Amino acid sequence: MFKIVAKKELNDAVTLLEIQAPFVAKKAQAGQFIIFRVDQYSERVPLTIADYDREKGTITIIFQKVGLSTKMLGEKKVGEYIKDFVGPLGIATEYENMKKVAVVGGGVGCAIAYPQAKALHQLGAEVDVIAGFRDESIVILEEEMKKVSNHFYLMTDNGSKGEKGFVTDKLKALIEEGNQYDAVIAIGPIPMMKFVSLTTKPYGIKTIVSLNPIMIDGTGMCGGCRVTVGGKIKFACVDGPDFDGHEVDFDELMNRNATYKQKEAQYLQTHICRIEQLAKQCIE
């Protein structure tokens with residue numbers, strides 16, 4: 001069992017939890033992920049590590065409450081426990097020869113872009129962070145990202161905060177202004193990562209994306225997280241989650257990720273919380 005030691009609502013849909021997991025914290029690195037289960041009946045859900053504290057023995061995760069499991073996790077309170085918290089899994093991001101990097105985050109993907117920027121900043125690299133959101137109401141980690149970047153650019157689709165436009169607009173402008181990036185790291189919705197990769201490809205800039213396909217065991221055994229990269233099948237859990245954005249088949253990935261959306265929507269409508277049932281019985 002793993003104890004929740006801190007909780008913060010970053011906006012109406014996104015929650016931050018700090019989990020007591022000393023063995024995971026001891027080995028965790030930027031780019032890796034964990035798999036959690038809320039209880040013995042829950043599905044296994046992967047989440048990229050947003051931060052870690054080796055001294056405290058904690059891992060920070062940030063997640064959007066969109067499916068049943070993430071909604072159940074979001075209902076947990078400080079001092080309560082979750083059943084499983086396995087990790088760190090996946091290959092940590094490699095930063096060799098990265099002296100100047102643009103880190104691009106989209107929406108809740110900024111929770112994962114942040115540790116990337118932090119790691120690069122600690123290594124002494126020059127870091128430009130471009131964070132994109134639909135509007136001001138869902139902006140997260142703004143101050144945290146400012147602290148680990150040399151230049152921070154906030155973009156909103158409607159211009160309600162920062163600059164109006166998409167992250168690709170700012171990225172292209174920065175490249176055309178003469179910024180010579182050794183790499184671009186993009187993390188966020190699949191369409192965003194796709195178009196960031198399309199933006200950088202004509203300039204020959206190395207582009208790393210963090211992929212989030214459907215995943216079950218996280219150890220390469222089930223094959224559920226397969227993605228096509230450079231025309232070859234890769235498994236995000238053991239070969240990634242970082243991949244060359246110029247070689248990823250994003251359209252295939254989007255189609256596979258949508259496989260269970262209809263079934264999950266139906267299950268959300270019919271799900272009955274066992275805790276609520278028990279509480280009702282006690283009252284009666």
# chains A, B, ... in the order shown; residues from 1 in each chain; ligands from 1
>>> residues_around(residues="Glu96 (chain A)", least_positions_apart="3", cutoff="10 Å", atoms="only C-alpha atoms", output="list in words")
Thr93, Lys99 and Asp182 of chain A
>>> select_by_dssp(residues="region 22-261 of chain A", states="strand (DSSP E)", output="PyMOL selection string")
chain A and resi 33-37+45-48+51-53+58-64+81-82+84-89+100-106+126-133+151-156+163-164+183-187+207-210+226-229+232-235+242-244
>>> closest_residue(among="A:Asn179, A:Thr219, A:Gln64, A:Thr156", to="Glu9 (chain A)", atoms="only C-alpha atoms")
A:Gln64
>>> residues_around(residues="Glu55 (chain A)", least_positions_apart="2", cutoff="12 Å", atoms="only C-alpha atoms", output="PyMOL selection string")
chain A and resi 20-27+52-53+57-59
>>> residues_around(residues="Val167 (chain A)", least_positions_apart="5", cutoff="7 Å", atoms="only C-alpha atoms", output="list in words")
Ile130, Ala131, Gly132 and Met155 of chain A
>>> select_by_dssp(residues="region 122-162 of chain A", states="alpha helix (DSSP H)", output="ChimeraX atom specification")
/A:122,142-147
>>> atom_distance(atom1="CA of Gly79 (chain A)", atom2="CA of Ile4 (chain A)")
5.4 Å
>>> residues_around(residues="Lys170 (chain A)", least_positions_apart="2", cutoff="10 Å", atoms="only C-alpha atoms", output="ChimeraX atom specification")
/A:104,130-132,153-155,163-168,172-176
>>> atom_distance(atom1="CA of Phe85 (chain A)", atom2="CA of Phe235 (chain A)")
20.6 Å
>>> closest_residue(among="A:Val108, A:Leu17, A:Ile34, A:Ala28", to="Leu73 (chain A)", atoms="only C-alpha atoms")
A:Leu17
>>> residues_around(residues="Ala30 (chain A)", least_positions_apart="4", cutoff="8 Å", atoms="only C-alpha atoms", output="NGL selection string")
:A and (49-51 or 92-93 or 115-116 or 119)
>>> residues_around(residues="region 133-147 of chain A", least_positions_apart="6", cutoff="9 Å", atoms="only C-alpha atoms", output="PyMOL selection string")
chain A and resi 10-14+105-108+110-111+113-115+117-118+153-162+166-167
>>> write_last_selection(atoms="N, CA and C atoms", output="CSV table (one decimal), in the first residue's frame")
chain,number,residue,atom,x,y,z
A,10,LEU,N,-4.8,21.4,-9.2
A,10,LEU,CA,-4.2,22.4,-10.1
A,10,LEU,C,-5.2,23.2,-10.9
A,11,ASN,N,-6.3,22.5,-11.3
A,11,ASN,CA,-7.5,23.2,-11.8
A,11,ASN,C,-8.7,22.2,-11.7
A,12,ASP,N,-9.8,22.5,-12.3
A,12,ASP,CA,-11.0,21.7,-12.1
A,12,ASP,C,-10.8,20.2,-12.5
A,13,ALA,N,-9.9,20.0,-13.4
A,13,ALA,CA,-9.8,18.6,-14.0
A,13,ALA,C,-8.4,18.0,-13.7
A,14,VAL,N,-7.5,18.7,-13.2
A,14,VAL,CA,-6.1,18.2,-13.0
A,14,VAL,C,-5.7,18.2,-11.5
A,105,GLY,N,5.3,21.9,-24.0
A,105,GLY,CA,4.3,21.1,-23.3
A,105,GLY,C,2.9,21.6,-23.7
A,106,GLY,N,2.0,20.6,-23.8
A,106,GLY,CA,0.6,21.0,-24.2
A,106,GLY,C,-0.4,20.5,-23.1
A,107,GLY,N,-1.1,21.4,-22.5
A,107,GLY,CA,-2.2,21.0,-21.5
A,107,GLY,C,-1.5,20.3,-20.4
A,108,VAL,N,-2.2,19.2,-20.0
A,108,VAL,CA,-1.7,18.4,-18.8
A,108,VAL,C,-0.3,17.8,-19.1
A,110,CYS,N,2.2,19.4,-19.8
A,110,CYS,CA,3.1,20.3,-19.2
A,110,CYS,C,3.6,19.7,-17.8
A,111,ALA,N,2.8,18.9,-17.2
A,111,ALA,CA,3.3,18.2,-16.0
A,111,ALA,C,4.5,17.3,-16.3
A,113,ALA,N,6.5,17.9,-19.2
A,113,ALA,CA,7.5,18.8,-19.7
A,113,ALA,C,8.3,19.4,-18.6
A,114,TYR,N,7.6,19.7,-17.5
A,114,TYR,CA,8.3,20.4,-16.4
A,114,TYR,C,9.6,19.6,-15.9
A,115,PRO,N,9.5,18.3,-15.6
A,115,PRO,CA,10.7,17.6,-15.1
A,115,PRO,C,11.8,17.5,-16.2
A,117,ALA,N,12.4,20.0,-18.4
A,117,ALA,CA,13.1,21.3,-18.3
A,117,ALA,C,13.9,21.4,-17.1
A,118,LYS,N,13.4,20.9,-16.0
A,118,LYS,CA,14.1,20.9,-14.7
A,118,LYS,C,15.5,20.1,-14.8
A,153,TYR,N,7.5,30.8,-22.5
A,153,TYR,CA,6.5,31.4,-23.4
A,153,TYR,C,5.2,30.6,-23.1
A,154,LEU,N,4.2,31.4,-22.7
A,154,LEU,CA,2.9,30.8,-22.4
A,154,LEU,C,1.9,31.2,-23.6
A,155,MET,N,1.3,30.1,-24.1
A,155,MET,CA,0.4,30.3,-25.2
A,155,MET,C,-1.0,29.8,-24.9
A,156,THR,N,-2.0,30.5,-25.2
A,156,THR,CA,-3.4,30.1,-25.1
A,156,THR,C,-4.1,30.2,-26.4
A,157,ASP,N,-5.0,29.2,-26.7
A,157,ASP,CA,-5.6,29.2,-28.0
A,157,ASP,C,-6.4,30.5,-28.2
A,158,ASN,N,-7.0,31.0,-27.2
A,158,ASN,CA,-7.9,32.2,-27.3
A,158,ASN,C,-7.2,33.5,-26.8
A,159,GLY,N,-6.0,33.5,-26.4
A,159,GLY,CA,-5.3,34.7,-26.0
A,159,GLY,C,-5.7,35.2,-24.6
A,160,SER,N,-6.4,34.4,-23.8
A,160,SER,CA,-6.8,34.8,-22.5
A,160,SER,C,-5.7,35.0,-21.5
A,161,LYS,N,-4.5,34.4,-21.8
A,161,LYS,CA,-3.3,34.6,-21.0
A,161,LYS,C,-2.1,34.3,-21.9
A,162,GLY,N,-1.0,35.0,-21.6
A,162,GLY,CA,0.2,34.9,-22.5
A,162,GLY,C,-0.1,35.4,-23.9
A,166,PHE,N,-0.9,28.8,-31.1
A,166,PHE,CA,-0.5,27.4,-30.7
A,166,PHE,C,1.0,27.3,-30.4
A,167,VAL,N,1.4,26.3,-29.7
A,167,VAL,CA,2.8,26.1,-29.4
A,167,VAL,C,3.7,26.0,-30.6
>>> atom_distance(atom1="CA of Cys237 (chain A)", atom2="CA of Lys56 (chain A)")
26.5 Å
